[in-house]
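Source file upload-v1.txt; content: compact mmCIF, C-alpha atoms and all ligand atoms.
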```
# COMPACT_ATOMS: atom_id res chain seq x y z
CA MET A 1 50.02 217.00 97.06
CA SER A 2 49.07 213.58 98.28
CA GLU A 3 45.57 212.44 97.32
CA ASN A 4 44.48 210.86 100.61
CA CYS A 5 46.45 213.00 103.06
CA VAL A 6 44.16 214.81 105.52
CA PHE A 7 46.43 217.87 105.73
CA CYS A 8 46.71 218.09 101.92
CA LYS A 9 42.90 218.08 101.90
CA ILE A 10 42.87 220.93 104.45
CA VAL A 11 45.44 222.87 102.36
CA ARG A 12 43.24 222.37 99.26
CA GLY A 13 40.13 223.44 101.18
CA ASP A 14 38.45 220.05 100.73
CA ILE A 15 38.23 219.73 104.53
CA PRO A 16 37.32 222.89 106.48
CA SER A 17 39.65 224.22 109.17
CA THR A 18 39.91 227.24 111.43
CA LYS A 19 42.81 229.09 109.84
CA VAL A 20 44.88 231.49 111.88
CA TYR A 21 47.62 232.19 109.29
CA GLU A 22 48.31 231.50 105.62
CA ASP A 23 51.00 232.42 103.10
CA ASP A 24 52.54 230.81 99.99
CA LEU A 25 54.57 228.38 102.10
CA ALA A 26 52.21 227.23 104.81
CA LEU A 27 48.88 227.14 106.56
CA ALA A 28 48.30 227.36 110.32
CA PHE A 29 44.99 226.17 111.75
CA ARG A 30 43.53 225.11 115.09
CA ASP A 31 43.93 221.47 116.10
CA ILE A 32 40.64 219.55 116.07
CA THR A 33 41.47 217.98 119.47
CA PRO A 34 43.20 220.81 121.37
CA ALA A 35 45.62 219.77 124.10
CA ALA A 36 46.02 223.34 125.41
CA PRO A 37 44.06 226.64 125.26
CA THR A 38 46.16 227.53 122.20
CA HIS A 39 46.84 224.51 119.96
CA VAL A 40 47.70 225.44 116.40
CA LEU A 41 49.20 223.23 113.69
CA ILE A 42 51.68 224.79 111.25
CA VAL A 43 51.67 222.78 108.02
CA PRO A 44 53.63 223.25 104.77
CA LYS A 45 51.51 223.44 101.61
CA GLN A 46 53.79 220.94 99.91
CA HIS A 47 53.51 217.33 101.06
CA ILE A 48 56.52 216.39 103.19
CA SER A 49 56.10 213.34 105.44
CA SER A 50 57.96 214.49 108.55
CA LEU A 51 61.04 216.17 109.98
CA ALA A 52 62.94 213.06 108.91
CA GLU A 53 62.68 214.30 105.30
CA ILE A 54 64.77 217.42 105.96
CA SER A 55 67.62 218.03 103.49
CA ASP A 56 69.73 220.88 102.13
CA ALA A 57 67.13 221.24 99.36
CA ASN A 58 64.14 221.87 101.66
CA ALA A 59 65.63 223.15 104.93
CA GLU A 60 64.22 226.64 104.31
CA VAL A 61 60.69 225.19 104.47
CA TYR A 62 61.34 224.04 108.04
CA ALA A 63 62.86 227.41 108.96
CA GLY A 64 59.81 229.14 107.51
CA LEU A 65 57.43 226.96 109.54
CA LEU A 66 59.26 227.79 112.78
CA LYS A 67 59.17 231.48 111.93
CA ILE A 68 55.40 231.21 111.45
CA ALA A 69 55.08 229.36 114.79
CA ALA A 70 56.75 232.29 116.58
CA GLN A 71 54.54 234.77 114.69
CA VAL A 72 51.34 232.89 115.56
CA ALA A 73 52.47 232.73 119.22
CA ARG A 74 52.76 236.53 119.18
CA ASP A 75 49.35 236.84 117.48
CA GLU A 76 47.78 234.47 120.05
CA GLY A 77 49.20 236.51 122.94
CA ILE A 78 51.32 233.70 124.40
CA ALA A 79 54.78 234.91 123.37
CA GLU A 80 55.48 236.48 126.77
CA SER A 81 54.08 233.67 128.93
CA GLY A 82 55.84 230.98 126.90
CA TYR A 83 54.78 228.09 124.74
CA ARG A 84 55.93 224.81 123.22
CA VAL A 85 56.61 223.87 119.60
CA VAL A 86 56.81 220.16 118.90
CA THR A 87 56.82 217.81 115.93
CA ASN A 88 56.15 214.09 116.24
CA ILE A 89 58.03 211.67 113.99
CA GLY A 90 56.92 208.14 113.25
CA ASP A 91 55.07 205.59 115.33
CA GLU A 92 56.96 205.85 118.62
CA GLY A 93 57.19 209.61 118.20
CA GLY A 94 53.40 209.73 118.26
CA GLN A 95 52.86 210.91 114.68
CA SER A 96 49.33 210.15 113.47
CA VAL A 97 49.18 212.40 110.37
CA HIS A 98 52.07 211.74 107.99
CA HIS A 99 52.32 215.27 106.64
CA LEU A 100 54.91 217.44 108.40
CA HIS A 101 53.43 219.72 111.06
CA PHE A 102 54.58 221.65 114.07
CA HIS A 103 52.25 221.81 117.06
CA LEU A 104 52.17 225.21 118.76
CA LEU A 105 50.89 224.72 122.32
CA GLY A 106 50.37 227.38 124.95
CA GLY A 107 48.03 229.15 127.32
CA ARG A 108 48.79 226.78 130.20
CA LYS A 109 51.85 225.55 132.09
CA MET A 110 53.49 222.70 130.15
CA THR A 111 54.90 219.68 131.92
CA TRP A 112 58.10 217.78 131.24
CA PRO A 113 58.77 215.06 130.28
CA PRO A 114 55.88 214.73 127.81
CA GLY A 115 53.91 211.49 127.92
P1 LIG B 201 50.29 214.09 115.28
O1 LIG B 201 49.68 213.08 116.21
O2 LIG B 201 51.54 214.72 115.84
O3 LIG B 201 50.47 213.52 113.90
O4 LIG B 201 49.23 215.28 115.19
C1 LIG B 201 48.15 215.27 114.35
C2 LIG B 201 47.15 216.29 114.87
O5 LIG B 201 46.26 216.60 113.82
C3 LIG B 201 46.31 215.81 116.04
O6 LIG B 201 46.58 216.62 117.18
C4 LIG B 201 44.87 215.99 115.58
C5 LIG B 201 44.99 216.87 114.37
N1 LIG B 201 44.03 216.59 113.32
C6 LIG B 201 43.82 215.40 112.70
N2 LIG B 201 42.87 215.51 111.77
C7 LIG B 201 42.49 216.82 111.78
C8 LIG B 201 41.53 217.58 111.02
O7 LIG B 201 40.83 217.08 110.15
N3 LIG B 201 41.43 218.91 111.33
C9 LIG B 201 42.18 219.51 112.29
N4 LIG B 201 42.00 220.81 112.51
N5 LIG B 201 43.09 218.82 113.02
C10 LIG B 201 43.23 217.51 112.76
```
Step by step, read the file and then write its structure as structure tokens.
Ligand code: DGP
Amino acid sequence: MSENCVFCKIVRGDIPSTKVYEDDLALAFRDITPAAPTHVLIVPKQHISSLAEISDANAEVYAGLLKIAAQVARDEGIAESGYRVVTNIGDEGGQSVHHLHFHLLGGRKMTWPPG
């Protein structure tokens, strides 16, 4: 846990969120500024800064988060129509919260390339 991290605070329940999934590994909740009809963040309970921190020791955390993303997509009814899973890394990657998270976006046609 990181004292001043907004997602650690959400995991602890210090900041409220609209949860859509929770288990021992992770929490999934709706993004406060949704960029699509479905916009869910999948966040590990342990504080990891970003995808850049992946290693042999924690790779199963990342695999678990992606599994949850696919499960939430099914639960949200967007598995058939399609969706996007993205993680931003660092300043130029557009990361604003430095606690690993995957965005699950769907419910509309996505464009490419992203902005
Ligand atoms: P990123 O820019 O990739 O680091 O994404 C961070 C996302 O987190 C952004 O889409 C907005 C969302 N967010 C930031 N603070 C909060 C919060 O307090 N609650 C919720 N639900 N989402 C938040």
Write out as JSON lines the residues of chain A that have any atom within 10 Å of an atom of ligand LIG 201 (chain B), one row each with the nearest atom pair and its distance in Å to one decimal, counting only C-alpha atoms and all ligand atoms, sorted by chain and then rising number.
```
{"residue": "A:Cys5", "atom": "CA", "partner": "B:LIG201", "partner_atom": "N2", "distance": 9.7}
{"residue": "A:Val6", "atom": "CA", "partner": "B:LIG201", "partner_atom": "O7", "distance": 6.1}
{"residue": "A:Phe7", "atom": "CA", "partner": "B:LIG201", "partner_atom": "O7", "distance": 7.2}
{"residue": "A:Lys9", "atom": "CA", "partner": "B:LIG201", "partner_atom": "O7", "distance": 8.6}
{"residue": "A:Ile10", "atom": "CA", "partner": "B:LIG201", "partner_atom": "O7", "distance": 7.2}
{"residue": "A:Ile15", "atom": "CA", "partner": "B:LIG201", "partner_atom": "O7", "distance": 6.7}
{"residue": "A:Pro16", "atom": "CA", "partner": "B:LIG201", "partner_atom": "N3", "distance": 7.5}
{"residue": "A:Ser17", "atom": "CA", "partner": "B:LIG201", "partner_atom": "N4", "distance": 5.3}
{"residue": "A:Thr18", "atom": "CA", "partner": "B:LIG201", "partner_atom": "N4", "distance": 6.8}
{"residue": "A:Lys19", "atom": "CA", "partner": "B:LIG201", "partner_atom": "N4", "distance": 8.7}
{"residue": "A:Ala28", "atom": "CA", "partner": "B:LIG201", "partner_atom": "N4", "distance": 9.3}
{"residue": "A:Phe29", "atom": "CA", "partner": "B:LIG201", "partner_atom": "N4", "distance": 6.2}
{"residue": "A:Arg30", "atom": "CA", "partner": "B:LIG201", "partner_atom": "N4", "distance": 5.2}
{"residue": "A:Asp31", "atom": "CA", "partner": "B:LIG201", "partner_atom": "N4", "distance": 4.1}
{"residue": "A:Ile32", "atom": "CA", "partner": "B:LIG201", "partner_atom": "N5", "distance": 4.0}
{"residue": "A:Thr33", "atom": "CA", "partner": "B:LIG201", "partner_atom": "C4", "distance": 5.5}
{"residue": "A:Pro34", "atom": "CA", "partner": "B:LIG201", "partner_atom": "O6", "distance": 6.8}
{"residue": "A:Ala35", "atom": "CA", "partner": "B:LIG201", "partner_atom": "O6", "distance": 7.7}
{"residue": "A:His39", "atom": "CA", "partner": "B:LIG201", "partner_atom": "O6", "distance": 8.4}
{"residue": "A:Val40", "atom": "CA", "partner": "B:LIG201", "partner_atom": "N4", "distance": 8.3}
{"residue": "A:Leu41", "atom": "CA", "partner": "B:LIG201", "partner_atom": "O5", "distance": 7.3}
{"residue": "A:Ser50", "atom": "CA", "partner": "B:LIG201", "partner_atom": "O3", "distance": 9.3}
{"residue": "A:Val86", "atom": "CA", "partner": "B:LIG201", "partner_atom": "O2", "distance": 8.2}
{"residue": "A:Thr87", "atom": "CA", "partner": "B:LIG201", "partner_atom": "O2", "distance": 6.1}
{"residue": "A:Asn88", "atom": "CA", "partner": "B:LIG201", "partner_atom": "O2", "distance": 4.7}
{"residue": "A:Ile89", "atom": "CA", "partner": "B:LIG201", "partner_atom": "O2", "distance": 7.4}
{"residue": "A:Gly90", "atom": "CA", "partner": "B:LIG201", "partner_atom": "O3", "distance": 8.4}
{"residue": "A:Asp91", "atom": "CA", "partner": "B:LIG201", "partner_atom": "O1", "distance": 9.3}
{"residue": "A:Gly93", "atom": "CA", "partner": "B:LIG201", "partner_atom": "O2", "distance": 8.0}
{"residue": "A:Gly94", "atom": "CA", "partner": "B:LIG201", "partner_atom": "O1", "distance": 5.4}
{"residue": "A:Gln95", "atom": "CA", "partner": "B:LIG201", "partner_atom": "O3", "distance": 3.6}
{"residue": "A:Ser96", "atom": "CA", "partner": "B:LIG201", "partner_atom": "O3", "distance": 3.6}
{"residue": "A:Val97", "atom": "CA", "partner": "B:LIG201", "partner_atom": "O3", "distance": 3.9}
{"residue": "A:His98", "atom": "CA", "partner": "B:LIG201", "partner_atom": "O3", "distance": 6.4}
{"residue": "A:His99", "atom": "CA", "partner": "B:LIG201", "partner_atom": "O3", "distance": 7.7}
{"residue": "A:Leu100", "atom": "CA", "partner": "B:LIG201", "partner_atom": "O3", "distance": 8.1}
{"residue": "A:His101", "atom": "CA", "partner": "B:LIG201", "partner_atom": "O2", "distance": 7.2}
{"residue": "A:Phe102", "atom": "CA", "partner": "B:LIG201", "partner_atom": "O2", "distance": 7.8}
{"residue": "A:His103", "atom": "CA", "partner": "B:LIG201", "partner_atom": "O2", "distance": 7.2}
```
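One finds CA of Val61 in chain A at 9.3 Å from CA of Gln46 in chain A.
Here the question is which of A:Ala57, A:Met1, A:Leu65, A:Leu105 gets nearest to Gly77 in chain A using all atoms listed in the file, and that residue is A:Leu105.
Shortest separation to Ile68 in chain A among A:Thr38, A:Leu104, A:Ser49, A:Asn4 occurs at residue A:Leu104, atoms counted being all atoms listed in the file.
One finds CA of Tyr83 in chain A at 7.7 Å from CA of Met110 in chain A.
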| task | May I ask which of the residues A:Asp56, A:Glu22, A:Glu80, A:Asp14 is the closest one to Pro44 in chain A, counting all atoms listed in the file? | result | A:Glu22
Complete range 69-101 of chain A with N, CA and C atoms (output as a PDB file, in the coordinates of the input).
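Okay, this is what ended up in selection09.pdb:
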```pdb
ATOM      1  N   ALA A  69      55.482 229.771 113.435  1.00  0.00           N
ATOM      2  CA  ALA A  69      55.080 229.360 114.790  1.00  0.00           C
ATOM      3  C   ALA A  69      55.308 230.512 115.775  1.00  0.00           C
ATOM      4  N   ALA A  70      56.454 231.165 115.676  1.00  0.00           N
ATOM      5  CA  ALA A  70      56.750 232.290 116.580  1.00  0.00           C
ATOM      6  C   ALA A  70      55.804 233.457 116.311  1.00  0.00           C
ATOM      7  N   GLN A  71      55.468 233.686 115.044  1.00  0.00           N
ATOM      8  CA  GLN A  71      54.540 234.770 114.690  1.00  0.00           C
ATOM      9  C   GLN A  71      53.138 234.487 115.232  1.00  0.00           C
ATOM     10  N   VAL A  72      52.680 233.245 115.063  1.00  0.00           N
ATOM     11  CA  VAL A  72      51.340 232.890 115.560  1.00  0.00           C
ATOM     12  C   VAL A  72      51.318 232.990 117.086  1.00  0.00           C
ATOM     13  N   ALA A  73      52.405 232.602 117.746  1.00  0.00           N
ATOM     14  CA  ALA A  73      52.470 232.730 119.220  1.00  0.00           C
ATOM     15  C   ALA A  73      52.301 234.193 119.622  1.00  0.00           C
ATOM     16  N   ARG A  74      52.940 235.093 118.886  1.00  0.00           N
ATOM     17  CA  ARG A  74      52.760 236.530 119.180  1.00  0.00           C
ATOM     18  C   ARG A  74      51.300 236.933 118.946  1.00  0.00           C
ATOM     19  N   ASP A  75      50.740 236.481 117.818  1.00  0.00           N
ATOM     20  CA  ASP A  75      49.350 236.840 117.480  1.00  0.00           C
ATOM     21  C   ASP A  75      48.355 236.294 118.512  1.00  0.00           C
ATOM     22  N   GLU A  76      48.674 235.115 119.072  1.00  0.00           N
ATOM     23  CA  GLU A  76      47.780 234.470 120.050  1.00  0.00           C
ATOM     24  C   GLU A  76      47.973 235.028 121.455  1.00  0.00           C
ATOM     25  N   GLY A  77      48.969 235.889 121.630  1.00  0.00           N
ATOM     26  CA  GLY A  77      49.200 236.510 122.940  1.00  0.00           C
ATOM     27  C   GLY A  77      49.892 235.620 123.947  1.00  0.00           C
ATOM     28  N   ILE A  78      50.635 234.619 123.464  1.00  0.00           N
ATOM     29  CA  ILE A  78      51.320 233.700 124.400  1.00  0.00           C
ATOM     30  C   ILE A  78      52.839 233.814 124.309  1.00  0.00           C
ATOM     31  N   ALA A  79      53.331 234.793 123.549  1.00  0.00           N
ATOM     32  CA  ALA A  79      54.780 234.910 123.370  1.00  0.00           C
ATOM     33  C   ALA A  79      55.478 235.237 124.691  1.00  0.00           C
ATOM     34  N   GLU A  80      54.844 236.062 125.510  1.00  0.00           N
ATOM     35  CA  GLU A  80      55.480 236.480 126.770  1.00  0.00           C
ATOM     36  C   GLU A  80      55.408 235.383 127.819  1.00  0.00           C
ATOM     37  N   SER A  81      54.258 234.694 127.902  1.00  0.00           N
ATOM     38  CA  SER A  81      54.080 233.670 128.930  1.00  0.00           C
ATOM     39  C   SER A  81      54.857 232.396 128.605  1.00  0.00           C
ATOM     40  N   GLY A  82      55.104 232.164 127.328  1.00  0.00           N
ATOM     41  CA  GLY A  82      55.840 230.980 126.900  1.00  0.00           C
ATOM     42  C   GLY A  82      54.944 229.947 126.258  1.00  0.00           C
ATOM     43  N   TYR A  83      55.545 229.080 125.508  1.00  0.00           N
ATOM     44  CA  TYR A  83      54.780 228.090 124.740  1.00  0.00           C
ATOM     45  C   TYR A  83      55.706 226.963 124.315  1.00  0.00           C
ATOM     46  N   ARG A  84      55.139 225.961 123.681  1.00  0.00           N
ATOM     47  CA  ARG A  84      55.930 224.810 123.220  1.00  0.00           C
ATOM     48  C   ARG A  84      55.664 224.583 121.739  1.00  0.00           C
ATOM     49  N   VAL A  85      56.726 224.271 121.003  1.00  0.00           N
ATOM     50  CA  VAL A  85      56.610 223.870 119.600  1.00  0.00           C
ATOM     51  C   VAL A  85      57.185 222.464 119.500  1.00  0.00           C
ATOM     52  N   VAL A  86      56.385 221.559 118.947  1.00  0.00           N
ATOM     53  CA  VAL A  86      56.810 220.160 118.900  1.00  0.00           C
ATOM     54  C   VAL A  86      56.383 219.522 117.584  1.00  0.00           C
ATOM     55  N   THR A  87      57.208 218.605 117.095  1.00  0.00           N
ATOM     56  CA  THR A  87      56.820 217.810 115.930  1.00  0.00           C
ATOM     57  C   THR A  87      57.056 216.339 116.249  1.00  0.00           C
ATOM     58  N   ASN A  88      56.059 215.528 115.979  1.00  0.00           N
ATOM     59  CA  ASN A  88      56.150 214.090 116.240  1.00  0.00           C
ATOM     60  C   ASN A  88      56.616 213.386 114.967  1.00  0.00           C
ATOM     61  N   ILE A  89      57.467 212.382 115.137  1.00  0.00           N
ATOM     62  CA  ILE A  89      58.030 211.670 113.990  1.00  0.00           C
ATOM     63  C   ILE A  89      57.829 210.174 114.168  1.00  0.00           C
ATOM     64  N   GLY A  90      57.069 209.591 113.272  1.00  0.00           N
ATOM     65  CA  GLY A  90      56.920 208.140 113.250  1.00  0.00           C
ATOM     66  C   GLY A  90      56.072 207.596 114.385  1.00  0.00           C
ATOM     67  N   ASP A  91      55.959 206.305 114.421  1.00  0.00           N
ATOM     68  CA  ASP A  91      55.070 205.590 115.330  1.00  0.00           C
ATOM     69  C   ASP A  91      55.388 205.891 116.791  1.00  0.00           C
ATOM     70  N   GLU A  92      56.615 205.644 117.208  1.00  0.00           N
ATOM     71  CA  GLU A  92      56.960 205.850 118.620  1.00  0.00           C
ATOM     72  C   GLU A  92      57.055 207.324 118.968  1.00  0.00           C
ATOM     73  N   GLY A  93      57.218 208.166 117.962  1.00  0.00           N
ATOM     74  CA  GLY A  93      57.190 209.610 118.200  1.00  0.00           C
ATOM     75  C   GLY A  93      55.789 210.154 118.365  1.00  0.00           C
ATOM     76  N   GLY A  94      54.791 209.316 118.081  1.00  0.00           N
ATOM     77  CA  GLY A  94      53.400 209.730 118.260  1.00  0.00           C
ATOM     78  C   GLY A  94      52.792 210.427 117.065  1.00  0.00           C
ATOM     79  N   GLN A  95      53.400 210.252 115.881  1.00  0.00           N
ATOM     80  CA  GLN A  95      52.860 210.910 114.680  1.00  0.00           C
ATOM     81  C   GLN A  95      51.670 210.131 114.140  1.00  0.00           C
ATOM     82  N   SER A  96      50.527 210.817 114.010  1.00  0.00           N
ATOM     83  CA  SER A  96      49.330 210.150 113.470  1.00  0.00           C
ATOM     84  C   SER A  96      48.992 210.643 112.069  1.00  0.00           C
ATOM     85  N   VAL A  97      49.399 211.870 111.729  1.00  0.00           N
ATOM     86  CA  VAL A  97      49.180 212.400 110.370  1.00  0.00           C
ATOM     87  C   VAL A  97      50.553 212.531 109.715  1.00  0.00           C
ATOM     88  N   HIS A  98      50.739 211.829 108.610  1.00  0.00           N
ATOM     89  CA  HIS A  98      52.070 211.740 107.990  1.00  0.00           C
ATOM     90  C   HIS A  98      52.269 212.828 106.936  1.00  0.00           C
ATOM     91  N   HIS A  99      52.044 214.038 107.390  1.00  0.00           N
ATOM     92  CA  HIS A  99      52.320 215.270 106.640  1.00  0.00           C
ATOM     93  C   HIS A  99      52.948 216.197 107.683  1.00  0.00           C
ATOM     94  N   LEU A 100      54.168 216.623 107.434  1.00  0.00           N
ATOM     95  CA  LEU A 100      54.910 217.440 108.400  1.00  0.00           C
ATOM     96  C   LEU A 100      54.044 218.516 109.039  1.00  0.00           C
ATOM     97  N   HIS A 101      54.125 218.637 110.361  1.00  0.00           N
ATOM     98  CA  HIS A 101      53.430 219.720 111.060  1.00  0.00           C
ATOM     99  C   HIS A 101      54.119 219.984 112.381  1.00  0.00           C
TER     100      HIS A 101
END
```
